[in-house]
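Source file data09.pdb; content: PDB, C-alpha atoms.
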ATOM      1  CA  MET A   1      10.392 -30.855  -4.307
ATOM      2  CA  GLN A   2      11.274 -27.188  -4.359
ATOM      3  CA  GLN A   3       8.856 -24.476  -5.290
ATOM      4  CA  SER A   4       9.695 -20.817  -5.851
ATOM      5  CA  ASP A   5       7.956 -18.262  -3.694
ATOM      6  CA  ALA A   6       5.471 -16.355  -5.876
ATOM      7  CA  SER A   7       4.773 -13.790  -3.173
ATOM      8  CA  GLY A   8       8.314 -12.434  -3.162
ATOM      9  CA  PRO A   9       9.191  -8.968  -4.466
ATOM     10  CA  ARG A  10       9.410  -8.623  -8.199
ATOM     11  CA  SER A  11      11.662  -6.579 -10.387
ATOM     12  CA  PRO A  12      10.515  -2.993 -11.065
ATOM     13  CA  GLU A  13      10.763  -3.612 -14.796
ATOM     14  CA  LEU A  14       7.646  -5.808 -14.610
ATOM     15  CA  TYR A  15       5.568  -2.812 -13.538
ATOM     16  CA  SER A  16       6.966  -0.307 -16.026
ATOM     17  CA  PHE A  17       4.744   0.782 -18.890
ATOM     18  CA  PRO A  18       5.928   0.447 -22.471
ATOM     19  CA  ALA A  19       7.601   3.511 -23.929
ATOM     20  CA  GLY A  20       5.124   3.579 -26.800
ATOM     21  CA  LEU A  21       2.155   4.054 -24.482
ATOM     22  CA  ASN A  22       3.881   6.913 -22.666
ATOM     23  CA  TYR A  23       4.753   8.579 -25.967
ATOM     24  CA  THR A  24       1.169   8.201 -27.202
ATOM     25  CA  TRP A  25      -0.191   9.819 -24.049
ATOM     26  CA  GLU A  26       2.196  12.765 -24.428
ATOM     27  CA  GLU A  27       1.130  13.261 -28.041
ATOM     28  CA  ASP A  28      -2.572  13.076 -27.144
ATOM     29  CA  ARG A  29      -2.109  15.600 -24.344
ATOM     30  CA  LYS A  30      -0.310  17.997 -26.673
ATOM     31  CA  PHE A  31      -3.046  17.753 -29.275
ATOM     32  CA  ILE A  32      -5.819  18.270 -26.712
ATOM     33  CA  LEU A  33      -4.193  21.360 -25.204
ATOM     34  CA  ARG A  34      -3.321  22.698 -28.642
ATOM     35  CA  GLY A  35      -6.915  22.112 -29.733
ATOM     36  CA  TRP A  36      -8.221  24.185 -26.823
ATOM     37  CA  SER A  37      -5.754  26.936 -27.703
ATOM     38  CA  LEU A  38      -6.968  26.860 -31.290
ATOM     39  CA  VAL A  39     -10.605  27.173 -30.193
ATOM     40  CA  PHE A  40      -9.807  30.148 -27.937
ATOM     41  CA  SER A  41      -7.782  31.778 -30.703
ATOM     42  CA  ILE A  42     -10.609  31.385 -33.236
ATOM     43  CA  LEU A  43     -13.133  32.922 -30.829
ATOM     44  CA  ALA A  44     -10.775  35.806 -30.046
ATOM     45  CA  THR A  45     -10.177  36.444 -33.746
ATOM     46  CA  LEU A  46     -13.900  36.517 -34.500
ATOM     47  CA  MET A  47     -14.456  38.939 -31.643
ATOM     48  CA  VAL A  48     -11.668  41.292 -32.677
ATOM     49  CA  LEU A  49     -12.928  41.328 -36.280
ATOM     50  CA  SER A  50     -15.881  43.362 -35.023
ATOM     51  CA  VAL A  51     -13.530  46.348 -35.058
ATOM     52  CA  VAL A  52     -13.920  46.439 -38.848
ATOM     53  CA  ASP A  53     -17.416  47.892 -38.318
ATOM     54  CA  GLY A  54     -15.689  51.106 -37.280
ATOM     55  CA  ARG A  55     -18.195  52.220 -34.641
ATOM     56  CA  MET A  56     -16.503  51.773 -31.287
ATOM     57  CA  ALA A  57     -17.730  54.835 -29.383
ATOM     58  CA  TYR A  58     -20.411  57.499 -29.714
ATOM     59  CA  VAL A  59     -19.420  61.024 -28.764
ATOM     60  CA  GLN A  60     -21.917  63.710 -27.703
ATOM     61  CA  GLY A  61     -20.912  67.331 -27.304
ATOM     62  CA  SER A  62     -18.715  69.500 -29.466
ATOM     63  CA  TYR A  63     -17.785  66.339 -31.428
ATOM     64  CA  THR A  64     -21.056  64.527 -32.057
ATOM     65  CA  GLY A  65     -20.866  61.261 -33.935
ATOM     66  CA  TYR A  66     -19.181  57.869 -34.006
ATOM     67  CA  MET A  67     -15.510  57.206 -33.398
ATOM     68  CA  GLY A  68     -13.450  54.157 -34.161
ATOM     69  CA  ILE A  69     -10.277  52.864 -35.732
ATOM     70  CA  TRP A  70     -11.814  52.389 -39.190
ATOM     71  CA  THR A  71     -14.984  54.468 -39.327
ATOM     72  CA  ASP A  72     -16.787  54.682 -42.662
ATOM     73  CA  CYS A  73     -18.128  58.219 -42.645
ATOM     74  CA  ARG A  74     -20.199  57.529 -45.768
ATOM     75  CA  LYS A  75     -22.369  55.056 -43.815
ATOM     76  CA  HIS A  76     -22.192  56.501 -40.321
ATOM     77  CA  LYS A  77     -22.090  59.965 -38.851
ATOM     78  CA  CYS A  78     -18.497  60.529 -37.801
ATOM     79  CA  ALA A  79     -17.350  62.886 -35.064
ATOM     80  CA  SER A  80     -15.749  65.848 -36.819
ATOM     81  CA  LEU A  81     -12.482  66.160 -34.912
ATOM     82  CA  GLY A  82     -10.827  68.169 -37.658
ATOM     83  CA  GLN A  83      -7.769  65.890 -37.708
ATOM     84  CA  VAL A  84      -6.739  62.346 -36.913
ATOM     85  CA  THR A  85      -4.607  62.268 -33.776
ATOM     86  CA  VAL A  86      -1.352  60.368 -33.309
ATOM     87  CA  LEU A  87      -3.007  58.029 -30.825
ATOM     88  CA  ILE A  88      -5.529  56.897 -33.435
ATOM     89  CA  HIS A  89      -2.716  56.218 -35.912
ATOM     90  CA  MET A  90      -0.822  54.176 -33.318
ATOM     91  CA  SER A  91      -3.964  52.296 -32.319
ATOM     92  CA  MET A  92      -4.706  51.521 -35.959
ATOM     93  CA  GLY A  93      -1.178  50.235 -36.603
ATOM     94  CA  LEU A  94      -1.196  47.979 -33.540
ATOM     95  CA  MET A  95      -4.599  46.568 -34.472
ATOM     96  CA  ILE A  96      -3.472  45.817 -38.042
ATOM     97  CA  LEU A  97      -0.402  44.032 -36.670
ATOM     98  CA  ALA A  98      -2.567  42.039 -34.244
ATOM     99  CA  LEU A  99      -4.955  40.948 -37.009
ATOM    100  CA  THR A 100      -2.032  39.894 -39.212
ATOM    101  CA  LEU A 101      -0.535  37.810 -36.415
ATOM    102  CA  CYS A 102      -3.963  36.264 -35.768
ATOM    103  CA  LEU A 103      -4.110  34.958 -39.331
ATOM    104  CA  ILE A 104      -0.555  33.622 -39.066
ATOM    105  CA  LEU A 105      -1.312  31.952 -35.713
ATOM    106  CA  LEU A 106      -4.539  30.278 -36.868
ATOM    107  CA  SER A 107      -3.035  28.953 -40.084
ATOM    108  CA  SER A 108       0.061  27.661 -38.268
ATOM    109  CA  MET A 109      -1.944  25.963 -35.526
ATOM    110  CA  GLY A 110      -4.211  24.356 -38.106
ATOM    111  CA  LEU A 111      -1.236  22.926 -39.994
ATOM    112  CA  SER A 112       0.460  21.726 -36.790
ATOM    113  CA  PHE A 113      -2.026  18.843 -36.458
ATOM    114  CA  ARG A 114      -0.708  17.229 -39.622
ATOM    115  CA  PRO A 115       1.660  14.263 -39.103
ATOM    116  CA  VAL A 116       4.486  16.077 -40.881
ATOM    117  CA  PHE A 117       4.788  18.649 -38.084
ATOM    118  CA  ARG A 118       4.649  16.234 -35.131
ATOM    119  CA  ARG A 119       8.427  16.179 -34.816
ATOM    120  CA  LEU A 120       8.562  19.889 -33.948
ATOM    121  CA  THR A 121       9.060  19.955 -30.177
ATOM    122  CA  LYS A 122       9.156  23.717 -29.501
ATOM    123  CA  ILE A 123       6.178  24.631 -31.637
ATOM    124  CA  ASP A 124       3.879  25.034 -28.612
ATOM    125  CA  LEU A 125       6.259  27.606 -27.173
ATOM    126  CA  VAL A 126       6.022  29.584 -30.421
ATOM    127  CA  PHE A 127       2.207  29.429 -30.348
ATOM    128  CA  SER A 128       2.164  30.600 -26.747
ATOM    129  CA  PHE A 129       4.448  33.529 -27.556
ATOM    130  CA  LEU A 130       2.272  34.560 -30.522
ATOM    131  CA  SER A 131      -0.916  34.359 -28.439
ATOM    132  CA  PHE A 132       0.512  36.532 -25.667
ATOM    133  CA  SER A 133       1.862  39.007 -28.232
ATOM    134  CA  ILE A 134      -1.490  39.313 -30.014
ATOM    135  CA  GLY A 135      -3.369  39.780 -26.753
ATOM    136  CA  PHE A 136      -0.911  42.449 -25.629
ATOM    137  CA  LEU A 137      -1.215  44.281 -28.970
ATOM    138  CA  ILE A 138      -5.013  44.280 -28.811
ATOM    139  CA  VAL A 139      -5.071  45.573 -25.243
ATOM    140  CA  LEU A 140      -2.492  48.268 -26.049
ATOM    141  CA  SER A 141      -4.401  49.358 -29.151
ATOM    142  CA  LEU A 142      -7.658  49.694 -27.209
ATOM    143  CA  THR A 143      -5.883  51.545 -24.407
ATOM    144  CA  LEU A 144      -4.602  54.139 -26.877
ATOM    145  CA  PHE A 145      -8.082  54.498 -28.364
ATOM    146  CA  VAL A 146      -9.678  55.039 -24.949
ATOM    147  CA  VAL A 147      -6.992  57.570 -23.994
ATOM    148  CA  ASN A 148      -7.666  59.439 -27.235
ATOM    149  CA  CYS A 149     -11.404  59.577 -26.502
ATOM    150  CA  GLU A 150     -10.950  60.685 -22.897
ATOM    151  CA  THR A 151      -8.447  63.459 -23.698
ATOM    152  CA  LEU A 152     -10.574  65.311 -26.253
ATOM    153  CA  GLN A 153     -10.941  69.023 -25.542
ATOM    154  CA  PRO A 154     -13.535  70.266 -24.805
ATOM    155  CA  ARG A 155     -14.305  66.972 -23.189
ATOM    156  CA  PRO A 156     -17.450  65.371 -24.651
ATOM    157  CA  ARG A 157     -19.653  62.598 -23.324
ATOM    158  CA  VAL A 158     -18.299  59.268 -24.565
ATOM    159  CA  SER A 159     -20.436  56.139 -24.773
ATOM    160  CA  TYR A 160     -18.511  52.978 -25.691
ATOM    161  CA  LEU A 161     -20.368  50.515 -27.883
ATOM    162  CA  VAL A 162     -20.495  46.719 -27.834
ATOM    163  CA  THR A 163     -17.657  46.569 -30.369
ATOM    164  CA  THR A 164     -15.227  48.021 -27.845
ATOM    165  CA  TYR A 165     -16.143  45.473 -25.178
ATOM    166  CA  LEU A 166     -15.862  42.638 -27.693
ATOM    167  CA  CYS A 167     -12.340  43.780 -28.511
ATOM    168  CA  TRP A 168     -11.434  43.902 -24.821
ATOM    169  CA  GLY A 169     -12.797  40.385 -24.453
ATOM    170  CA  SER A 170     -10.826  39.185 -27.463
ATOM    171  CA  GLY A 171      -7.597  40.534 -25.960
ATOM    172  CA  ALA A 172      -8.232  38.724 -22.679
ATOM    173  CA  LEU A 173      -9.229  35.537 -24.512
ATOM    174  CA  MET A 174      -6.090  35.626 -26.662
ATOM    175  CA  LEU A 175      -3.966  35.974 -23.526
ATOM    176  CA  TRP A 176      -5.819  33.000 -22.070
ATOM    177  CA  ALA A 177      -5.215  31.013 -25.277
ATOM    178  CA  GLY A 178      -1.502  30.947 -24.499
ATOM    179  CA  GLU A 179      -2.006  29.275 -21.131
ATOM    180  CA  PRO A 180      -2.595  25.657 -22.324
ATOM    181  CA  SER A 181       0.763  25.700 -24.105
ATOM    182  CA  GLN A 182       2.458  26.896 -20.929
ATOM    183  CA  VAL A 183       0.731  24.115 -18.973
ATOM    184  CA  ASP A 184       1.987  21.567 -21.499
ATOM    185  CA  LEU A 185       5.546  22.863 -21.287
ATOM    186  CA  ALA A 186       5.421  22.893 -17.482
ATOM    187  CA  ALA A 187       4.197  19.302 -17.464
ATOM    188  CA  GLU A 188       6.969  18.164 -19.784
ATOM    189  CA  LEU A 189       9.799  19.343 -17.521
ATOM    190  CA  PRO A 190       9.170  16.949 -14.562
ATOM    191  CA  GLU A 191       8.683  14.045 -16.974
ATOM    192  CA  LYS A 192      11.995  14.755 -18.676
ATOM    193  CA  HIS A 193      13.769  14.865 -15.307
ATOM    194  CA  VAL A 194      12.173  11.561 -14.282
ATOM    195  CA  GLN A 195      13.095   9.917 -17.575
ATOM    196  CA  THR A 196      16.679  11.153 -17.249
ATOM    197  CA  ALA A 197      16.938   9.857 -13.693
ATOM    198  CA  VAL A 198      15.546   6.460 -14.673
ATOM    199  CA  ARG A 199      17.877   6.239 -17.648
ATOM    200  CA  HIS A 200      20.977   6.878 -15.507
ATOM    201  CA  ARG A 201      19.849   4.760 -12.545
ATOM    202  CA  PRO A 202      22.042   1.690 -12.028
ATOM    203  CA  ASN A 203      20.291  -1.654 -12.218
ATOM    204  CA  HIS A 204      20.742  -3.669  -9.047
ATOM    205  CA  THR A 205      19.405  -7.173  -8.967
ATOM    206  CA  VAL A 206      18.705  -8.933  -5.713
ATOM    207  CA  ASP A 207      18.469 -12.700  -5.574
ATOM    208  CA  PHE A 208      15.937 -13.951  -3.049
ATOM    209  CA  PRO A 209      16.349 -17.453  -1.663
ATOM    210  CA  SER A 210      13.730 -19.884  -2.762
ATOM    211  CA  SER A 211      11.681 -21.538  -0.051
ATOM    212  CA  SER A 212      11.720 -25.325   0.025
ATOM    213  CA  THR A 213       8.888 -27.470   1.182
ATOM    214  CA  PRO A 214       9.419 -31.033   2.499
TER     215      PRO A 214
END

Final structure tokens representation of the file:
Amino acid sequence: MQQSDASGPRSPELYSFPAGLNYTWEEDRKFILRGWSLVFSILATLMVLSVVDGRMAYVQGSYTGYMGIWTDCRKHKCASLGQVTVLIHMSMGLMILALTLCLILLSSMGLSFRPVFRRLTKIDLVFSFLSFSIGFLIVLSLTLFVVNCETLQPRPRVSYLVTTYLCWGSGALMLWAGEPSQVDLAAELPEKHVQTAVRHRPNHTVDFPSSSTP
């Protein structure tokens, strides 16, 4: 009576996971990372909306009053500069562009969780690019505003309000919101190389002799 050896080496296909489980894990990972990006983007948008208040800095000296990108002089005492400088115009334009892109990014990320858009493979790269662009625009807009305040002549005493720091935080948070998408793309590359190598690997079968017992 012959009996096959059960302790012998088995074929690697017995240990391979089904393709459906691997695909489900990739989809879940994408949705989790995209969800974190959406949360960071929402927080950054709420923080940058504080710029609508208009009061970003208080100036004491020859120009006493509040300064900002959109300052309502009917409600607050504005610093009488006599004219609006080019830096303020540039800062205002960059901030408007950043707010517009924020609305586009949030609406697009919200719709990306629907089953219709699951086939889009490069959508995370687009979200990452938009997040980095918005963060860069916010930081550049605030930099121009600070340069405008620090180059006033005669130089007054400038006190930056909480709104300014919230905008700085929103720029940093929007830059951070693009990182999960980059992590997802970086994780996909090794998996694609492994799948390609397994697909093109030749299948060699080895027949092991069966042990016979008397």

Residues matched by the PyMOL selection byres ((chain A and resi 172-178) around 10) as a short mmCIF file (atom, residue, chain, number, x, y, z; two decimals) with C-alpha atoms, in the frame of the given file:
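Contents of the output file out02.cif:
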data_model
loop_
_atom_site.label_atom_id
_atom_site.label_comp_id
_atom_site.auth_asym_id
_atom_site.auth_seq_id
_atom_site.Cartn_x
_atom_site.Cartn_y
_atom_site.Cartn_z
CA LEU A 33 -4.19 21.36 -25.20
CA ARG A 34 -3.32 22.70 -28.64
CA TRP A 36 -8.22 24.18 -26.82
CA SER A 37 -5.75 26.94 -27.70
CA LEU A 38 -6.97 26.86 -31.29
CA VAL A 39 -10.60 27.17 -30.19
CA PHE A 40 -9.81 30.15 -27.94
CA SER A 41 -7.78 31.78 -30.70
CA ILE A 42 -10.61 31.38 -33.24
CA LEU A 43 -13.13 32.92 -30.83
CA ALA A 44 -10.78 35.81 -30.05
CA THR A 45 -10.18 36.44 -33.75
CA MET A 47 -14.46 38.94 -31.64
CA VAL A 48 -11.67 41.29 -32.68
CA CYS A 102 -3.96 36.26 -35.77
CA ASP A 124 3.88 25.03 -28.61
CA LEU A 125 6.26 27.61 -27.17
CA VAL A 126 6.02 29.58 -30.42
CA PHE A 127 2.21 29.43 -30.35
CA SER A 128 2.16 30.60 -26.75
CA PHE A 129 4.45 33.53 -27.56
CA LEU A 130 2.27 34.56 -30.52
CA SER A 131 -0.92 34.36 -28.44
CA PHE A 132 0.51 36.53 -25.67
CA SER A 133 1.86 39.01 -28.23
CA ILE A 134 -1.49 39.31 -30.01
CA GLY A 135 -3.37 39.78 -26.75
CA PHE A 136 -0.91 42.45 -25.63
CA ILE A 138 -5.01 44.28 -28.81
CA VAL A 139 -5.07 45.57 -25.24
CA LEU A 166 -15.86 42.64 -27.69
CA CYS A 167 -12.34 43.78 -28.51
CA TRP A 168 -11.43 43.90 -24.82
CA GLY A 169 -12.80 40.38 -24.45
CA SER A 170 -10.83 39.18 -27.46
CA GLY A 171 -7.60 40.53 -25.96
CA GLU A 179 -2.01 29.28 -21.13
CA PRO A 180 -2.60 25.66 -22.32
CA SER A 181 0.76 25.70 -24.10
CA GLN A 182 2.46 26.90 -20.93
CA VAL A 183 0.73 24.12 -18.97
#

**Report entry** Minimum-distance residue to Val86 in chain A, chosen among A:Ala57, A:Val51, A:Ala98, A:Val147 (using all atoms listed in the file)
**Finding:**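 For Val86 in chain A, the nearest of the candidates is A:Val147.
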
Report summary line: Of A:Gly65, A:Gln153, A:Tyr160, A:Phe31, the one sitting nearest Ile123 in chain A when using all atoms listed in the file is A:Phe31

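Pairwise distance (CA of Asn148 in chain A, CA of Leu46 in chain A) equals 24.8 Å.
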
Requested in this report: Report the residues retrieved by the PyMOL selection byres ((chain A and resi 92) around 12) from the displayed file, expressed as a VMD selection string.
Outcome: chain A and resid 51 to 52 54 68 to 71 84 to 91 93 to 99 137 to 138 140 to 145

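Separating CA of Ser159 in chain A from CA of Val59 in chain A is a distance of 6.4 Å.
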
Query raised in the report: CA of Thr151 in chain A and CA of Asp53 in chain A are how many Å apart?
Result: 23.2 Å

Report task. List the residues selected by the PyMOL selection byres ((chain A and resi 113) around 12) in the file shown, writing them as JSON, numbers by chain. Result -> {"A": [27, 28, 30, 31, 32, 33, 34, 35, 38, 106, 107, 108, 109, 110, 111, 112, 114, 115, 116, 117, 118, 119, 120, 123, 124]}
